[in-house]
Structure formats: structure tokens, C-alpha cells
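Undergrad: My structure is in upload-v3.txt, and what it holds is compact mmCIF, C-alpha atoms:
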```txt
# COMPACT_ATOMS: atom_id res chain seq x y z
CA MET A 1 -1.54 -27.01 12.33
CA ASP A 2 -3.98 -24.16 12.92
CA THR A 3 -5.81 -22.36 10.10
CA LEU A 4 -7.08 -18.80 9.76
CA ARG A 5 -9.40 -18.02 6.85
CA ILE A 6 -9.59 -14.36 5.74
CA MET A 7 -11.94 -12.67 3.29
CA THR A 8 -12.32 -9.13 1.94
CA TYR A 9 -15.49 -7.99 0.19
CA ASN A 10 -16.67 -4.67 -1.26
CA MET A 11 -20.43 -5.13 -0.78
CA LEU A 12 -21.70 -2.17 -2.88
CA HIS A 13 -23.66 0.08 -0.54
CA ALA A 14 -24.75 -2.88 1.54
CA PRO A 15 -26.77 -4.60 2.60
CA GLY A 16 -29.87 -3.01 1.03
CA ASP A 17 -32.15 -5.65 -0.42
CA ARG A 18 -29.21 -8.01 -1.05
CA LEU A 19 -28.63 -9.20 2.50
CA GLY A 20 -29.49 -12.80 1.67
CA HIS A 21 -27.19 -12.92 -1.35
CA LEU A 22 -24.31 -11.35 0.58
CA VAL A 23 -24.76 -13.83 3.42
CA ASP A 24 -24.77 -16.73 0.94
CA VAL A 25 -21.47 -15.54 -0.57
CA VAL A 26 -19.81 -15.17 2.82
CA ARG A 27 -21.06 -18.54 4.04
CA SER A 28 -19.64 -20.22 0.94
CA VAL A 29 -16.17 -19.20 2.17
CA ASP A 30 -16.84 -19.39 5.93
CA PRO A 31 -14.13 -16.90 6.93
CA ASP A 32 -12.84 -16.37 10.45
CA VAL A 33 -12.21 -12.71 9.61
CA LEU A 34 -14.27 -10.74 7.08
CA ALA A 35 -13.29 -7.23 5.99
CA CYS A 36 -16.24 -5.36 4.48
CA GLN A 37 -16.23 -2.16 2.45
CA GLU A 38 -19.24 0.00 1.54
CA ILE A 39 -21.47 -0.78 4.48
CA ASN A 40 -23.88 2.13 4.44
CA THR A 41 -25.38 2.08 7.91
CA TYR A 42 -24.69 0.83 11.42
CA GLU A 43 -27.97 -1.10 11.23
CA GLY A 44 -26.72 -2.78 8.07
CA MET A 45 -23.59 -3.91 9.90
CA MET A 46 -25.66 -5.35 12.73
CA ASN A 47 -27.92 -7.20 10.29
CA LEU A 48 -24.89 -8.84 8.69
CA SER A 49 -23.45 -9.61 12.11
CA ARG A 50 -26.62 -11.35 13.27
CA GLU A 51 -27.09 -13.36 10.08
CA LEU A 52 -23.47 -14.55 10.06
CA GLY A 53 -23.04 -14.98 13.82
CA MET A 54 -19.86 -12.89 13.83
CA LEU A 55 -18.69 -10.07 16.09
CA PRO A 56 -18.85 -6.61 14.44
CA VAL A 57 -16.22 -3.86 14.46
CA TRP A 58 -17.30 -0.46 13.08
CA GLY A 59 -15.03 1.86 11.08
CA PRO A 60 -17.08 4.99 10.26
CA ALA A 61 -16.24 6.96 7.12
CA ASN A 62 -14.46 10.32 7.35
CA SER A 63 -16.67 11.87 4.68
CA HIS A 64 -18.70 10.86 1.64
CA GLU A 65 -17.33 10.08 -1.81
CA ASP A 66 -20.66 9.32 -3.47
CA THR A 67 -24.25 10.57 -3.38
CA LYS A 68 -27.67 9.02 -3.86
CA ASP A 69 -30.77 11.03 -4.71
CA GLY A 70 -28.78 14.17 -3.97
CA ARG A 71 -27.84 13.02 -0.46
CA PRO A 72 -24.37 12.08 0.85
CA LEU A 73 -23.70 8.34 0.76
CA TYR A 74 -21.27 7.26 3.45
CA GLU A 75 -19.29 4.07 2.80
CA HIS A 76 -18.14 2.65 6.12
CA LEU A 77 -15.61 -0.07 6.89
CA VAL A 78 -16.56 -3.11 8.96
CA VAL A 79 -14.77 -6.16 10.28
CA LEU A 80 -16.82 -9.21 11.18
CA THR A 81 -14.91 -11.82 13.13
CA LYS A 82 -15.34 -15.14 14.89
CA LEU A 83 -12.38 -14.21 17.12
CA ALA A 84 -12.58 -11.72 19.97
CA PRO A 85 -10.64 -8.55 19.04
CA ARG A 86 -7.72 -7.76 21.35
CA ALA A 87 -7.45 -4.15 20.17
CA VAL A 88 -9.28 -1.83 17.76
CA ARG A 89 -8.25 1.55 16.38
CA VAL A 90 -9.75 3.79 13.72
CA HIS A 91 -6.99 5.76 11.99
CA ARG A 92 -8.65 8.86 10.54
CA GLY A 93 -5.41 9.76 8.76
CA ASP A 94 -5.25 12.61 6.28
CA ARG A 95 -8.91 13.69 6.19
CA ARG A 96 -8.31 15.96 3.20
CA ALA A 97 -7.21 12.93 1.19
CA MET A 98 -9.10 10.07 2.82
CA PHE A 99 -12.85 9.54 2.49
CA ARG A 100 -12.49 6.52 4.74
CA PRO A 101 -10.11 5.73 7.61
CA VAL A 102 -7.83 2.74 8.06
CA LEU A 103 -9.56 0.31 10.41
CA GLU A 104 -7.07 -1.58 12.58
CA VAL A 105 -8.15 -4.75 14.38
CA ARG A 106 -5.75 -6.94 16.33
CA LEU A 107 -6.72 -10.58 16.77
CA GLU A 108 -5.19 -13.69 18.23
CA ALA A 109 -5.15 -16.34 15.52
CA PRO A 110 -5.54 -20.05 16.28
CA GLY A 111 -2.31 -21.27 17.81
CA GLY A 112 -1.68 -18.01 19.64
CA THR A 113 -0.16 -15.83 16.91
CA THR A 114 -1.29 -12.20 17.18
CA VAL A 115 -2.11 -10.69 13.77
CA THR A 116 -2.99 -7.04 13.09
CA PHE A 117 -5.47 -6.40 10.27
CA PHE A 118 -5.65 -3.08 8.42
CA VAL A 119 -8.84 -2.67 6.40
CA VAL A 120 -8.83 -0.04 3.67
CA HIS A 121 -10.95 1.36 0.87
CA LEU A 122 -8.89 3.81 -1.15
CA ARG A 123 -10.55 6.57 -3.16
CA ALA A 124 -12.00 5.65 -6.54
CA VAL A 125 -12.51 9.04 -8.20
CA LEU A 126 -10.16 11.97 -8.39
CA ASP A 127 -10.65 15.45 -9.74
CA ALA A 128 -7.89 16.23 -12.25
CA THR A 129 -6.67 19.06 -10.01
CA GLU A 130 -6.35 16.80 -6.98
CA ARG A 131 -4.20 13.96 -8.27
CA TYR A 132 -1.77 14.34 -5.39
CA LEU A 133 -4.45 13.20 -2.94
CA ARG A 134 -4.07 9.57 -4.05
CA TRP A 135 -0.44 9.65 -2.95
CA ARG A 136 -1.21 11.43 0.30
CA GLU A 137 -3.79 8.72 1.04
CA LEU A 138 -1.30 5.99 0.21
CA GLY A 139 1.36 7.62 2.38
CA ALA A 140 -1.04 7.74 5.33
CA LEU A 141 -1.85 4.05 4.87
CA LEU A 142 1.81 3.01 4.69
CA ALA A 143 2.61 5.05 7.79
CA VAL A 144 -0.11 3.22 9.73
CA ILE A 145 1.03 -0.19 8.54
CA ALA A 146 4.66 0.63 9.38
CA GLY A 147 3.60 0.97 13.00
CA ALA A 148 2.38 -2.62 13.21
CA ASP A 149 3.97 -4.71 15.92
CA GLY A 150 4.43 -8.19 14.47
CA PRO A 151 2.54 -10.02 11.69
CA ALA A 152 0.14 -7.84 9.68
CA VAL A 153 -2.46 -8.13 6.94
CA ALA A 154 -3.62 -5.18 4.81
CA LEU A 155 -6.79 -5.95 2.90
CA GLY A 156 -9.68 -4.31 1.12
CA ASP A 157 -10.49 -2.35 -2.03
CA PHE A 158 -7.34 -0.50 -3.09
CA ASN A 159 -8.81 0.84 -6.35
CA ALA A 160 -5.49 0.18 -8.07
CA LEU A 161 -4.31 -2.43 -10.53
CA PRO A 162 -1.34 -4.80 -10.07
CA PRO A 163 1.99 -3.92 -11.73
CA GLY A 164 2.61 -5.47 -15.10
CA GLU A 165 -0.71 -7.29 -15.35
CA THR A 166 -3.33 -4.97 -16.83
CA PRO A 167 -2.26 -2.14 -19.14
CA PRO A 168 -4.95 0.37 -20.17
CA ALA A 169 -6.60 -0.11 -23.53
CA GLU A 170 -4.95 1.57 -26.50
CA GLY A 171 -6.17 5.10 -27.02
CA THR A 172 -7.06 5.73 -23.39
CA ARG A 173 -3.59 6.37 -21.96
CA ARG A 174 -3.39 10.04 -23.01
CA GLU A 175 -6.74 10.80 -21.39
CA LEU A 176 -5.84 9.43 -17.96
CA PRO A 177 -4.37 11.59 -15.20
CA GLU A 178 -0.95 10.71 -13.84
CA ASP A 179 -2.24 8.96 -10.74
CA HIS A 180 -4.48 6.68 -12.82
CA LEU A 181 -1.60 5.91 -15.17
CA ALA A 182 0.48 5.01 -12.15
CA ALA A 183 -2.34 2.81 -10.89
CA PHE A 184 -2.54 1.04 -14.26
CA GLY A 185 1.22 0.65 -14.14
CA GLY A 186 0.99 -0.71 -10.63
CA GLY A 187 2.34 2.33 -8.78
CA VAL A 188 0.05 2.04 -5.76
CA VAL A 189 0.39 -1.72 -5.46
CA ALA A 190 4.14 -1.54 -6.14
CA ALA A 191 4.55 0.93 -3.28
CA ILE A 192 2.74 -1.46 -0.95
CA THR A 193 4.85 -4.46 -1.95
CA GLU A 194 8.03 -2.38 -1.72
CA ALA A 195 7.02 -1.63 1.86
CA GLY A 196 7.38 -5.37 2.57
CA LEU A 197 3.86 -6.70 1.99
CA ALA A 198 3.14 -9.57 -0.39
CA ASP A 199 0.10 -10.06 -2.63
CA SER A 200 -1.37 -13.30 -1.26
CA LEU A 201 -3.06 -14.24 -4.53
CA ARG A 202 0.25 -14.13 -6.40
CA LEU A 203 2.02 -16.11 -3.68
CA VAL A 204 -0.31 -19.00 -4.52
CA HIS A 205 -1.13 -18.29 -8.17
CA PRO A 206 1.75 -16.63 -10.06
CA TYR A 207 0.70 -14.42 -12.97
CA THR A 208 0.47 -16.44 -16.19
CA GLY A 209 -0.41 -13.70 -18.65
CA THR A 210 -4.20 -13.76 -18.24
CA PRO A 211 -5.37 -10.87 -16.02
CA ASP A 212 -7.72 -11.63 -13.15
CA SER A 213 -10.59 -9.34 -12.19
CA THR A 214 -12.39 -8.60 -8.96
CA LEU A 215 -14.83 -6.23 -10.68
CA LEU A 216 -17.71 -8.20 -12.15
CA ARG A 217 -18.31 -6.25 -15.32
CA ARG A 218 -14.74 -5.26 -16.16
CA GLN A 219 -12.12 -7.63 -17.49
CA GLY A 220 -8.64 -7.42 -16.05
CA ALA A 221 -9.64 -5.12 -13.18
CA ARG A 222 -8.19 -6.64 -10.03
CA VAL A 223 -8.50 -3.94 -7.38
CA ASP A 224 -9.21 -5.98 -4.22
CA TYR A 225 -6.29 -7.55 -2.34
CA ILE A 226 -5.10 -9.34 0.74
CA PHE A 227 -1.50 -8.33 1.44
CA VAL A 228 0.54 -10.11 4.12
CA SER A 229 3.68 -9.07 5.93
CA GLU A 230 6.98 -10.94 5.68
CA GLU A 231 6.21 -13.01 8.80
CA LEU A 232 3.09 -14.45 7.14
CA ARG A 233 4.33 -15.16 3.61
CA ASP A 234 5.06 -18.81 4.28
CA CYS A 235 1.73 -19.22 6.10
CA VAL A 236 -0.38 -18.55 2.99
CA ARG A 237 -1.61 -21.94 1.79
CA LYS A 238 -4.63 -20.87 -0.26
CA ALA A 239 -5.76 -17.67 -1.96
CA ASP A 240 -8.53 -17.16 -4.50
CA ILE A 241 -10.94 -14.73 -6.07
CA VAL A 242 -14.38 -16.01 -5.09
CA ASP A 243 -16.96 -16.52 -7.83
CA GLY A 244 -20.31 -18.22 -8.29
CA GLU A 245 -23.97 -17.52 -8.94
CA ALA A 246 -24.58 -15.67 -5.68
CA VAL A 247 -21.53 -13.48 -6.30
CA THR A 248 -22.98 -12.19 -9.57
CA VAL A 249 -26.07 -10.75 -7.86
CA ALA A 250 -24.71 -9.76 -4.45
CA SER A 251 -22.35 -6.90 -5.42
CA ASP A 252 -20.32 -5.42 -8.25
CA HIS A 253 -17.11 -6.89 -6.78
CA ARG A 254 -15.90 -10.42 -6.34
CA PRO A 255 -14.52 -11.12 -2.87
CA VAL A 256 -10.98 -12.31 -2.26
CA MET A 257 -10.03 -14.97 0.29
CA ALA A 258 -6.81 -16.30 1.76
CA GLU A 259 -6.11 -19.13 4.14
CA LEU A 260 -3.18 -18.98 6.53
CA THR A 261 -1.79 -22.02 8.32
CA PHE A 262 0.23 -21.74 11.53
CA THR A 263 2.46 -24.52 12.83
CA GLN A 264 3.03 -24.79 16.56
```
Now that the file is in, can you turn its structure into C-alpha cells?

TA:
Amino acid sequence: MDTLRIMTYNMLHAPGDRLGHLVDVVRSVDPDVLACQEINTYEGMMNLSRELGMLPVWGPANSHEDTKDGRPLYEHLVVLTKLAPRAVRVHRGDRRAMFRPVLEVRLEAPGGTTVTFFVVHLRAVLDATERYLRWRELGALLAVIAGADGPAVALGDFNALPPGETPPAEGTRRELPEDHLAAFGGGVVAAITEAGLADSLRLVHPYTGTPDSTLLRRQGARVDYIFVSEELRDCVRKADIVDGEAVTVASDHRPVMAELTFTQ
């Protein structure tokens, strides 16, 4: 049997002065494929690449969602991989709706199976007058994934909660816009699973009534996922939210990992 270990990690405007902590977290998992969100500079990507000994793939942001000291803060997508990419494509998508593209990387997994990875970081903040942009962004993502030829993995920070797991606190529901209510109710994640992708964490760990969280300082806020296509469902042998001392100081997110096993 051949194994492919996958990890997704929102690194919080990385690497900054946290390069060592981020590297420690990644090494604790030792992924073959690492999907990174919120890499702020090309130099930052190369620093991570050198420290981890992994090949870098750059997915530059469409525009900025955040600012720092009054200046635009661009949050780029990056894939770091131990495997040589067979194809790379940056899907700019709907630029009015998408601060960041969908980064597509096609790799040959151990054993010869070709898997296409789609790395995403969906928008976090919406103006009340622009609620429809969340759904335009989601539609662009699903259209890209629908074009995949063969096994696919969609992973990253989806900024949406899983259906039926984490209702909003009492008293806050009336104040939330429709798109956020749908996110709390699982609308974004439900649309992705209805498109034929499975939540790897729930394939291994069915929901038991206690919400998981990938945001460090918010209970029940699981917004980072690794989704797999139908062809890969039975390959998922392990999936976990990564935690530990280094995780608590490296970013404001916990990474998510999944391990896929291929039989020849």
C-alpha cells in the first residue's frame, strides 16, 4: 500500500517572525502535500520552502481583503510539495467576488494515481450590501472543481461552518446577514458535499455532538477542511485537526491533516 499525507494550514500573514514555529508544526505532521493560506510575500514562500525542503507553487491573490498600517495586505495561496507537480493552474475566477483565486495543482501520488488539488481561501468578511458575493465565489469554486479529471481534493480555509454542528449563540441570529446564517447552518459546506465531495474528518471521526474547532480562540468554529472526491473516499485512513504547543503560537488556526492510502 502507498500513502499520501495531506495538510492544510492558514498561517496568519506568514511567515513573519513565526517561521520557526510554523516549520515545527508542519514537521510534526510531515505532509507530502501542504496547502498554505495567508502567505504574505513570495520571499516568505521561499523561506518556508527552504526550511521544509519542499517544492513551492505560488498562487497570487486577486486583491486584498485586509490592511496593515493603512496598506493593502495580500494573502496568497501556496502549495508546498515533496512530489513534482504535473500541472499547475491559477483560476482567477470571479474577481469581483474572489479576493483569492483557486490554486490547482495536479500531482502523481505514490502508486501512480493522479490527484488534482484545489486550494482555496474563501472570503471572511462581507459588507451587508454584498451578501451575494459569497455565493458567486462558491459557484466559481464549484465550477472549477467540476472540471477535474479524476480524483480530486479541495482543501483550505472555507470560512464556513459544517451543517448541523455549530449553531450560532442565542441572541446573535437576528444580527447576522443571510450568508452568515447559511454558513452557520452549513449552506456553503452543504453545497460542496452535495457536489460530491466528502469531509475527510467526518469520514474518520463521525460527529458525536461536541463541535470541533480549527480556530484557536473560538469554540466550535471549524472552518478549515480537506474534502475528497468520490474516488478517494475509501482511501482516507486518517484525518485529524492538529494541535500542540507549537500550534498555539504559530497561527490563529489549527491545521487539518488527512492520510490517503492507495492499494495497487

Undergrad: Rounded to one decimal in Å, what is the spacing between CA of Glu137 in chain A and CA of Asp240 in chain A?

TA: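 Separation between CA of Glu137 in chain A and CA of Asp240 in chain A: 26.9 Å.
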
Undergrad: Find, counting all atoms listed in the file, the residue in A:Tyr74, A:Phe262, A:Trp135, A:Phe158 that gets nearest to Thr114 in chain A.

TA: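 Answer, going by the shortest atom-to-atom distance: A:Phe262.
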
Undergrad: Between A:Leu201, A:Val57, A:Val90, A:Ala221, which is the closest to Leu107 in chain A once you count only C-alpha atoms?

TA: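 The closest residue to Leu107 in chain A is A:Val57.
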
Undergrad: Which one is closest to Tyr9 in chain A: A:Pro206, A:Pro255, A:Gly70, A:Pro211? Count all atoms listed in the file.

TA: A:Pro255

Undergrad: Give the answer as one residue: which of A:Val115, A:Met11, A:Ala250, A:Leu122 has the shortest atom-to-atom distance to Val153 in chain A, using all atoms listed in the file?

TA: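 Smallest distance to Val153 in chain A is found for A:Val115.
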
Undergrad: Point out the residue among A:Leu197, A:Arg254, A:Ala14, A:Ala97 with the least atom-to-atom distance to Arg131 in chain A, counting all atoms listed in the file.

TA: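 Among the listed residues, the smallest separation from Arg131 in chain A belongs to A:Ala97.
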
Undergrad: Quick one: everything within 7 Å of Pro31 in chain A, counting only C-alpha atoms, minus sequence neighbours fewer than 5 positions away in the same chain. Send it as an mmCIF file with C-alpha atoms, in the coordinates of the input.

TA:
```
data_model
loop_
_atom_site.group_PDB
_atom_site.id
_atom_site.type_symbol
_atom_site.label_atom_id
_atom_site.label_comp_id
_atom_site.auth_asym_id
_atom_site.auth_seq_id
_atom_site.Cartn_x
_atom_site.Cartn_y
_atom_site.Cartn_z
ATOM 1 C CA ARG A 5 -9.400 -18.020 6.850
ATOM 2 C CA ILE A 6 -9.590 -14.360 5.740
ATOM 3 C CA MET A 7 -11.940 -12.670 3.290
#
```

Undergrad: Considering all atoms listed in the file, state which residue in the set A:Glu259, A:Asp157, A:Glu194, A:Glu75 is at the smallest distance from Thr214 in chain A.

TA: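 For Thr214 in chain A, the nearest of the candidates is A:Asp157.
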
Undergrad: Just to confirm, what's the straight-line distance from CA of Val26 in chain A to CA of Gly196 in chain A in Å (one decimal)?

TA: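 Taking CA of Val26 in chain A and CA of Gly196 in chain A, their separation equals 28.9 Å.
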
Undergrad: Taking (-13.3, -16.0, -3.2) in the coordinates of the supplied file, I want to know which residues reach to within 6 Å of it, counting only C-alpha atoms; could you give the answer as JSON, numbers by chain?

TA: {"A": [240, 241, 242, 243, 255, 256, 257]}

Undergrad: Measure the distance from CA of Tyr225 in chain A to CA of Gln37 in chain A in Å and round it to one decimal.

TA: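 So the answer is 12.3 Å.
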
Undergrad: Where's the centre, and what are the edge lengths in Å to one decimal, of a box along x, y and z enclosing all listed atoms of range 208-221 of chain A padded 3 Å per side, as lines of an AutoDock Vina configuration file?

TA:
```
center_x = -8.9
center_y = -10.8
center_z = -13.8
size_x = 24.8
size_y = 17.3
size_z = 15.7
```

Undergrad: Which polymer residues have any atom within 9 Å of an atom of Val223 in chain A, counting all atoms listed in the file, with same-chain residues fewer than 6 positions away left out, as a list in words?

TA: Gly156, Asp157, Phe158, Asn159, Ala160, Leu161, Pro162, Ser213, Thr214 and Leu215 of chain A

Undergrad: Would you list the contacts of Arg106 in chain A as an mmCIF file with C-alpha atoms, in the coordinates of the input, taking every protein, DNA or RNA residue within 7 Å and counting all atoms listed in the file, but skipping same-chain residues closer than 4 positions in sequence?

TA:
```cif
data_model
loop_
_atom_site.group_PDB
_atom_site.id
_atom_site.type_symbol
_atom_site.label_atom_id
_atom_site.label_comp_id
_atom_site.auth_asym_id
_atom_site.auth_seq_id
_atom_site.Cartn_x
_atom_site.Cartn_y
_atom_site.Cartn_z
ATOM 1 C CA PRO A 85 -10.640 -8.550 19.040
ATOM 2 C CA ARG A 86 -7.720 -7.760 21.350
ATOM 3 C CA ALA A 87 -7.450 -4.150 20.170
ATOM 4 C CA VAL A 88 -9.280 -1.830 17.760
ATOM 5 C CA THR A 114 -1.290 -12.200 17.180
ATOM 6 C CA VAL A 115 -2.110 -10.690 13.770
ATOM 7 C CA THR A 116 -2.990 -7.040 13.090
ATOM 8 C CA PHE A 117 -5.470 -6.400 10.270
#
```

Undergrad: Within 8 Å of Pro110 in chain A, counting only C-alpha atoms, which residues qualify if same-chain residues fewer than 6 places away don't, as a PyMOL selection string?

TA: chain A and resi 2-4+262

Undergrad: What lies within 12 Å of His76 in chain A using all atoms listed in the file, ignoring chain neighbours under 2 positions off, as a count of residues only?

TA: 41
